[in-house]
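Asker: As input, take run.txt (compact mmCIF, C-alpha atoms):
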# COMPACT_ATOMS: atom_id res chain seq x y z
CA MET A 1 35.97 29.92 36.76
CA ALA A 2 38.34 31.66 34.39
CA GLY A 3 35.42 33.48 32.78
CA HIS A 4 34.31 34.83 36.14
CA SER A 5 37.73 36.14 37.08
CA TYR A 6 38.13 37.69 33.62
CA GLY A 7 34.76 39.44 34.06
CA ILE A 8 35.68 40.99 37.41
CA THR A 9 39.14 41.90 36.06
CA LEU A 10 37.58 43.58 33.05
CA TYR A 11 35.12 45.39 35.30
CA THR A 12 37.71 46.59 37.80
CA THR A 13 40.22 47.75 35.20
CA SER A 14 37.81 49.58 32.91
CA ARG A 15 38.02 53.30 32.22
CA SER A 16 35.41 54.14 34.83
CA THR A 17 37.50 52.96 37.77
CA THR A 18 41.02 53.33 39.01
CA ASN A 19 43.15 50.93 41.02
CA GLY A 20 40.45 48.26 41.16
CA THR A 21 38.17 50.21 43.48
CA ALA A 22 35.09 48.95 41.61
CA GLY A 23 35.76 45.37 42.69
CA VAL A 24 35.95 46.43 46.32
CA SER A 25 32.79 48.50 45.88
CA VAL A 26 30.91 45.59 44.33
CA LEU A 27 31.84 43.28 47.21
CA PHE A 28 31.59 45.66 50.15
CA GLY A 29 29.57 48.64 48.89
CA SER A 30 29.95 52.17 50.08
CA ILE A 31 27.06 52.85 52.43
CA PHE A 32 28.52 56.10 53.74
CA GLY A 33 29.59 57.19 50.28
CA ILE A 34 26.36 57.22 48.29
CA SER A 35 25.11 60.54 47.03
CA SER A 36 21.66 61.93 47.73
CA SER A 37 20.67 61.38 44.09
CA CYS A 38 21.70 57.70 44.31
CA ALA A 39 19.71 57.37 47.54
CA ALA A 40 16.67 58.91 45.85
CA VAL A 41 16.95 56.49 42.92
CA ALA A 42 17.29 53.58 45.35
CA ALA A 43 14.16 54.71 47.19
CA LEU A 44 12.23 54.98 43.93
CA VAL A 45 13.38 51.51 42.83
CA ALA A 46 12.39 50.09 46.23
CA ALA A 47 8.97 51.70 46.01
CA GLY A 48 8.47 50.42 42.47
CA VAL A 49 9.50 46.88 43.35
CA SER A 50 7.26 46.96 46.43
CA LEU A 51 4.28 48.10 44.37
CA LEU A 52 4.88 45.23 41.95
CA VAL A 53 5.35 42.58 44.65
CA VAL A 54 2.21 43.37 46.66
CA PRO A 55 -0.34 42.15 44.08
CA ILE A 56 1.58 38.96 43.27
CA ALA A 57 2.32 38.05 46.91
CA PRO A 58 -0.64 35.71 47.57
CA PRO A 59 -0.31 33.63 44.39
CA LEU A 60 3.47 33.67 44.73
CA LEU A 61 3.23 32.31 48.27
CA PHE A 62 0.75 29.66 47.06
CA ALA A 63 3.08 28.66 44.22
CA THR A 64 6.05 28.59 46.59
CA LEU A 65 4.32 26.28 49.07
CA ASP A 66 3.03 23.77 46.52
CA GLU A 67 3.73 24.38 42.85
CA ALA A 68 1.60 21.52 41.52
CA VAL A 69 -1.47 22.42 43.58
CA ALA A 70 -1.11 26.11 42.64
CA ALA A 71 -0.86 25.26 38.94
CA ALA A 72 -4.07 23.18 39.03
CA PRO A 73 -6.51 26.13 39.37
CA GLY A 74 -4.54 28.12 36.79
CA VAL A 75 -1.98 30.09 38.82
CA PRO A 76 0.78 31.04 36.33
CA VAL A 77 3.54 29.45 38.41
CA ARG A 78 6.35 29.81 35.87
CA LEU A 79 5.49 33.42 35.06
CA LEU A 80 5.32 34.28 38.77
CA GLY A 81 8.72 32.67 39.30
CA TYR A 82 10.33 34.62 36.46
CA GLY A 83 8.66 37.85 37.57
CA PHE A 84 9.82 37.43 41.13
CA LEU A 85 13.33 36.56 39.93
CA ALA A 86 13.41 39.75 37.86
CA LEU A 87 12.21 41.86 40.80
CA ALA A 88 14.76 40.27 43.14
CA GLY A 89 17.48 40.94 40.56
CA ILE A 90 16.47 44.59 40.24
CA SER A 91 16.52 44.96 44.02
CA ALA A 92 19.88 43.24 44.34
CA ALA A 93 21.44 45.33 41.56
CA GLU A 94 20.31 48.55 43.19
CA ALA A 95 21.26 47.51 46.74
CA THR A 96 24.72 46.29 45.72
CA GLN A 97 25.82 49.85 45.05
CA SER A 98 25.34 50.89 48.65
CA VAL A 99 25.75 47.73 50.73
CA GLY A 100 27.78 45.47 48.44
CA SER A 101 27.06 41.93 47.36
CA LEU A 102 28.46 40.27 50.49
CA LEU A 103 26.38 42.32 52.90
CA LEU A 104 23.34 41.97 50.64
CA LEU A 105 23.60 38.20 50.86
CA GLY A 106 23.92 38.41 54.64
CA LEU A 107 20.95 40.76 54.92
CA LEU A 108 18.86 38.35 52.87
CA ALA A 109 19.84 35.26 54.85
CA ALA A 110 20.24 36.25 58.52
CA PRO A 111 16.98 38.17 59.13
CA SER A 112 14.89 35.64 57.21
CA GLY A 113 16.56 32.77 59.06
CA ALA A 114 15.85 34.47 62.37
CA ALA A 115 12.24 35.19 61.41
CA ILE A 116 11.60 31.58 60.39
CA ARG A 117 12.95 30.40 63.75
CA VAL A 118 10.52 32.69 65.59
CA THR A 119 7.29 32.13 63.65
CA ASP A 120 5.86 29.63 61.23
CA ARG A 121 3.34 32.07 59.71
CA PRO A 122 4.52 33.18 56.24
CA TYR A 123 3.31 36.80 56.24
CA ARG A 124 4.38 37.34 59.83
CA ALA A 125 7.82 35.91 58.96
CA LEU A 126 8.10 38.24 55.94
CA ALA A 127 7.23 41.30 58.02
CA LEU A 128 9.53 40.23 60.84
CA SER A 129 12.37 39.56 58.41
CA ALA A 130 12.03 43.02 56.85
CA GLY A 131 11.83 44.67 60.26
CA LEU A 132 14.86 42.79 61.54
CA ALA A 133 16.87 43.71 58.45
CA VAL A 134 16.13 47.41 58.95
CA LEU A 135 16.88 47.27 62.69
CA GLU A 136 20.12 45.33 62.13
CA MET A 137 21.18 47.81 59.47
CA TRP A 138 20.59 50.77 61.79
CA ALA A 139 22.23 49.02 64.74
CA GLY A 140 25.29 48.28 62.63
CA LEU A 141 25.46 51.84 61.31
CA PHE A 142 25.18 53.21 64.84
CA ALA A 143 27.94 50.86 66.06
CA SER A 144 30.13 51.87 63.12
CA TYR A 145 29.52 55.54 63.86
CA ALA A 146 30.28 55.02 67.57
CA VAL A 147 33.48 53.08 66.81
CA PRO A 148 34.96 54.82 63.73
CA LYS A 149 37.52 52.07 63.06
CA MET A 150 34.77 49.46 62.70
CA PRO A 151 33.69 48.98 59.08
CA PRO A 152 29.93 49.41 58.61
CA SER A 153 29.50 46.10 56.78
CA PHE A 154 31.16 44.22 59.64
CA ALA A 155 29.02 45.99 62.24
CA ILE A 156 25.81 45.31 60.32
CA MET A 157 26.62 41.62 59.86
CA ALA A 158 27.64 41.36 63.52
CA ALA A 159 24.23 42.72 64.51
CA ALA A 160 22.47 40.33 62.10
CA THR A 161 24.48 37.38 63.39
CA ALA A 162 23.76 38.30 67.00
CA VAL A 163 20.01 38.46 66.32
CA TYR A 164 20.09 35.12 64.51
CA ALA A 165 22.08 33.54 67.36
CA ALA A 166 19.62 34.95 69.89
CA THR A 167 16.79 33.06 68.19
CA PHE A 168 18.36 29.84 69.41
CA LEU A 169 17.59 30.98 72.95
CA ILE A 170 13.90 31.36 72.14
CA ARG A 171 11.81 28.25 72.42
CA ARG A 172 8.74 28.10 70.29
CA PRO A 173 5.96 26.26 72.01
CA VAL A 174 5.45 22.83 70.55
CA PRO A 175 1.93 22.69 69.14
CA ARG A 176 -0.23 20.06 70.72
CA PRO A 177 -2.01 17.71 68.41
CA ARG A 178 -5.61 18.70 68.05
CA THR A 179 -7.95 16.02 69.27
CA ARG A 180 -11.63 16.07 69.52
CA THR A 181 -12.97 14.99 72.81
CA ALA A 182 -16.24 13.29 72.71
CA VAL A 183 -18.62 14.37 75.33
CA LEU A 184 -20.64 11.45 76.47
CA THR A 185 -24.03 12.38 77.58
CA SER A 186 -26.55 10.02 78.90
CA THR A 187 -30.09 10.37 77.81
Represent the structure from my file as structure tokens, please.
Answerer:
Amino acid sequence: MAGHSYGITLYTTSRSTTNGTAGVSVLFGSIFGISSSCAAVAALVAAGVSLLVVPIAPPLLFATLDEAVAAAPGVPVRLLGYGFLALAGISAAEATQSVGSLLLLGLLAAPSGAAIRVTDRPYRALALSAGLAVLEMWAGLFASYAVPKMPPSFAIMAAATAVYAATFLIRRPVPRPRTRTAVLTST
């Protein structure tokens, strides 16, 4: 623990920051304070990561569902895992500048948790999770704009929490067991 606190202390007291504002920025971000050039870089990073994730999505999903079965036909499970970890790290590092690490964690957990409660189809859940994250972000930003004293990160997480809580009101139909009915015909 001492190493972690020393790291954040060193980071927040370095030459590039004053009065520990970097620590606050790392935790909470500055979504209304990013420049247009930073937004352009973030968009380019997002596009690059998306282009790299698309081709590895099917084998990555296969490896995620059952690692041993995926490894049997030669899917490079370990390499996929490391590659995905690197891409997630790049995304997190870029997103932390604007939304902060706390909000980033919430935007990873709440929409995906809500999506999993609504559907059991992996690709549908991924698309729903991404859509919910974008909608919750915009809803929170609108609420923060409408109520200027409300911090954007609070408003965004409130929207994400409300959507997740609403999924408890939705009942997924319980699938019936599939049975084959034998048709008896007399000859």
Asker: Provide the CA of Cys38 in chain A to CA of Ile90 in chain A distance in Å, to one decimal place.
Answerer: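 For CA of Cys38 in chain A relative to CA of Ile90 in chain A, the distance reads 14.7 Å.
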Asker: Taking into account all atoms listed in the file, which residue in the set A:Leu87, A:Arg171, A:Pro55, A:Ala143 is nearest to Ala158 in chain A?
Answerer: A:Ala143
Asker: Nearest to Ile31 in chain A: which of A:Tyr123, A:Val163, A:Leu103, A:Glu136 is it, counting all atoms listed in the file?
Answerer: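 Looking at the shortest contact to Ile31 in chain A, the residue is A:Leu103.
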Asker: Looking at A:Gly83, A:Gly89, A:Pro111, A:Gly140, which one is nearest to Val45 in chain A, with distances taken over only C-alpha atoms?
Answerer: A:Gly89
Asker: Quick one, how far is CA of Gly74 in chain A from CA of Asp120 in chain A?
Answerer: 26.6 Å
Asker: Quick one: of A:Ala146, A:Ala114, A:Leu52, A:Leu102, who's nearest to Ala162 in chain A, counting all atoms listed in the file?
Answerer: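 Closest to Ala162 in chain A of all the choices is A:Ala114.
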Asker: Do you know which residues are at most 8 Å from range 116-118 of chain A counting only C-alpha atoms, after dropping those on the same chain fewer than 5 positions away, and could you put them as an MDAnalysis selection string?
Answerer: chainID A and resid 125 167:168 170 172
Asker: Which residue is closest to Ile34 in chain A? Choose from A:Ala95, A:Ala115, A:Arg121, A:Ala160 and count all atoms listed in the file.
Answerer: A:Ala95
Asker: Which distance in Å separates CA of Leu80 in chain A and CA of Gly48 in chain A, to one decimal?
Answerer: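 Taking CA of Leu80 in chain A and CA of Gly48 in chain A, their separation equals 16.9 Å.
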Asker: Using all atoms listed in the file, which of A:Ser91, A:Gln97, A:Thr64, A:Ser37 sits nearest Val49 in chain A?
Answerer: A:Ser91
